[in-house]
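One structure below.
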Amino acid sequence: MSPSVAIVILNWNGKAYLEKFLPGILQSKYDNLQIVVGDNASTDDSVAFVQENFPSIKIIRNEVNYGFAGGYNKVLERVEADYFILLNSDVEVTLNWIQPVIDLMESDAQIAAAQPKIKWYSDKNQFEYAGAAGGYLDIYAFPFCRGRLFNVYEQDNGQYNNTQEVFWASGAAFFIKSKCWKEAGGLDADLFAHMEEIDLCWRLKNLNYKIMYCPDAEVYHVGGGTLQTENPFKTYLNFRNNLIIMQKNLPASDAVFRIFIRMCIDFVAWWHFLLSGKPKFTMAVSKGHWHFLKSLTKTNKKRKAFQKPYATHQGVFNNSVVWAFFIRKIKYFSALK
């Protein structure tokens, strides 16, 4: 029998997405599959909707909204399967999107997590922001993707149809072996939302596991289903969390220098927001830095005994993607050198 797989969808007031995308998820071709909706204390009628219309789907309810990270941790404590698929509620799947990824992960015991090709729901020939063809980090731990640099999204012309080890897999459609989830300790609930999957992948890589991209499966992501892209709170989370995961996962010899440079780069973004007439976003950057500094002691306690040298990880671009994009005007992943 095939390994058991649990698709787990974390929901918060997402009835419209569940109504739209659950029927397709139920059609997924895989012979040992369960589907779970974990609810993060929704105040709409999404739970009642699922109970009435999709009785085969298991519902696990959290008593409060624990965010993306804490919510999944709470739900997955009550799910048994060989593989977990953390699937955003605003994702349309294809018929055979599971088997190719499981086959890839079964082929190597060192593969802990993986993602399919992620394209945009509104333009299914275009890569999508939250994962595209696999996630990377630059020399200062700035995240980007094959197929998407900042606000430039590539058309999918088969240029990334090779199976590839990457740095991080997208939380929009995140496959992970349950034993690796447990070994790494799941997601960091203190991050609340955004970059928690990068942190988890980084911790797995420090445990000598691999993170993979599988081009033979694809899904289509709406994006911004919970927090819109132009949202000061999302900006705050991204700036704060990026610094926190650097402190957690970089070797001590690397951390101080890279974090200092990264905060200087963030200061450029602070000025950009200010001069663009976006004071709420300027404050979001300041707040993110302040809360990072306030949490230094707490974050330091989360550091593991061993962190691999940063440049030795697969999926690290050993230059600045910010410099490449804004100064050198490189717009496509394939042109990065």
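Within each chain, counting starts at residue 1; across the structure tokens, chains are named A, B, ... in the order shown, with ligands numbered 1 upward in that order.
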
Exercise: segment 210-226 of chain A partners within 9 Å, only C-alpha atoms, chain neighbours under 2 positions left out, as a PyMOL selection string: chain A and resi 12-14+17+88-94+96-101+104-105+110-124+127-130+133-135+160-169+172-173+201+204-205+208+228-229+314

Contacts of Phe84 of chain A within 9 Å, only C-alpha atoms, excl. fewer than 3 positions in-chain, as number ranges by chain: A: 4-8, 76, 79-81, 174-178, 181

Once you have the residues from the selection above, write them out as a short mmCIF file (atom, residue, chain, number, x, y, z; two decimals), in the first residue's frame, restricted to C-alpha atoms.
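Done, and the output landed in result.cif:
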```cif
data_model
loop_
_atom_site.label_atom_id
_atom_site.label_comp_id
_atom_site.auth_asym_id
_atom_site.auth_seq_id
_atom_site.Cartn_x
_atom_site.Cartn_y
_atom_site.Cartn_z
CA SER A 4 -0.56 7.32 4.12
CA VAL A 5 -1.06 11.00 3.31
CA ALA A 6 -3.09 13.63 5.17
CA ILE A 7 -4.01 16.84 3.37
CA VAL A 8 -4.48 19.39 6.14
CA LEU A 76 -1.25 18.11 13.44
CA VAL A 79 -3.42 13.73 12.77
CA GLU A 80 -1.78 10.38 12.02
CA ALA A 81 -0.19 9.80 8.60
CA PHE A 174 4.00 21.96 1.73
CA PHE A 175 4.72 18.21 1.75
CA ILE A 176 6.63 16.84 4.77
CA LYS A 177 7.32 13.41 6.22
CA SER A 178 5.52 13.30 9.56
CA TRP A 181 7.90 17.24 11.27
#
```

Could you give me, as a Markdown table, every segment 124-211 of chain A residue with an atom at most 9 Å from segment 321-327 of chain A, plus its closest atom pair and distance in Å to one decimal, counting only C-alpha atoms, rows ordered by chain then number?
```
| residue | atom | partner | partner_atom | distance |
| --- | --- | --- | --- | --- |
| A:Leu137 | CA | A:Val321 | CA | 8.5 |
| A:Asp138 | CA | A:Val321 | CA | 5.9 |
| A:Ile139 | CA | A:Val321 | CA | 8.0 |
| A:Tyr140 | CA | A:Val321 | CA | 8.8 |
| A:Phe142 | CA | A:Val321 | CA | 7.3 |
| A:Pro143 | CA | A:Val321 | CA | 8.7 |
| A:Phe144 | CA | A:Val321 | CA | 8.0 |
| A:Leu149 | CA | A:Phe325 | CA | 7.6 |
| A:Phe150 | CA | A:Phe325 | CA | 8.1 |
```

Those residues with C-alpha atoms, as a JSON list (two decimals), in the first residue's frame please?
```
[["chain", "number", "residue", "atom", "x", "y", "z"],
["A", 137, "LEU", "CA", 17.82, 32.55, 0.12],
["A", 138, "ASP", "CA", 20.49, 35.07, -0.83],
["A", 139, "ILE", "CA", 23.72, 35.81, 1.03],
["A", 140, "TYR", "CA", 21.79, 37.90, 3.59],
["A", 142, "PHE", "CA", 16.55, 37.36, 1.70],
["A", 143, "PRO", "CA", 13.98, 34.87, 0.30],
["A", 144, "PHE", "CA", 13.10, 34.57, -3.38],
["A", 149, "LEU", "CA", 12.05, 37.80, -8.24],
["A", 150, "PHE", "CA", 10.28, 40.48, -6.22]]
```
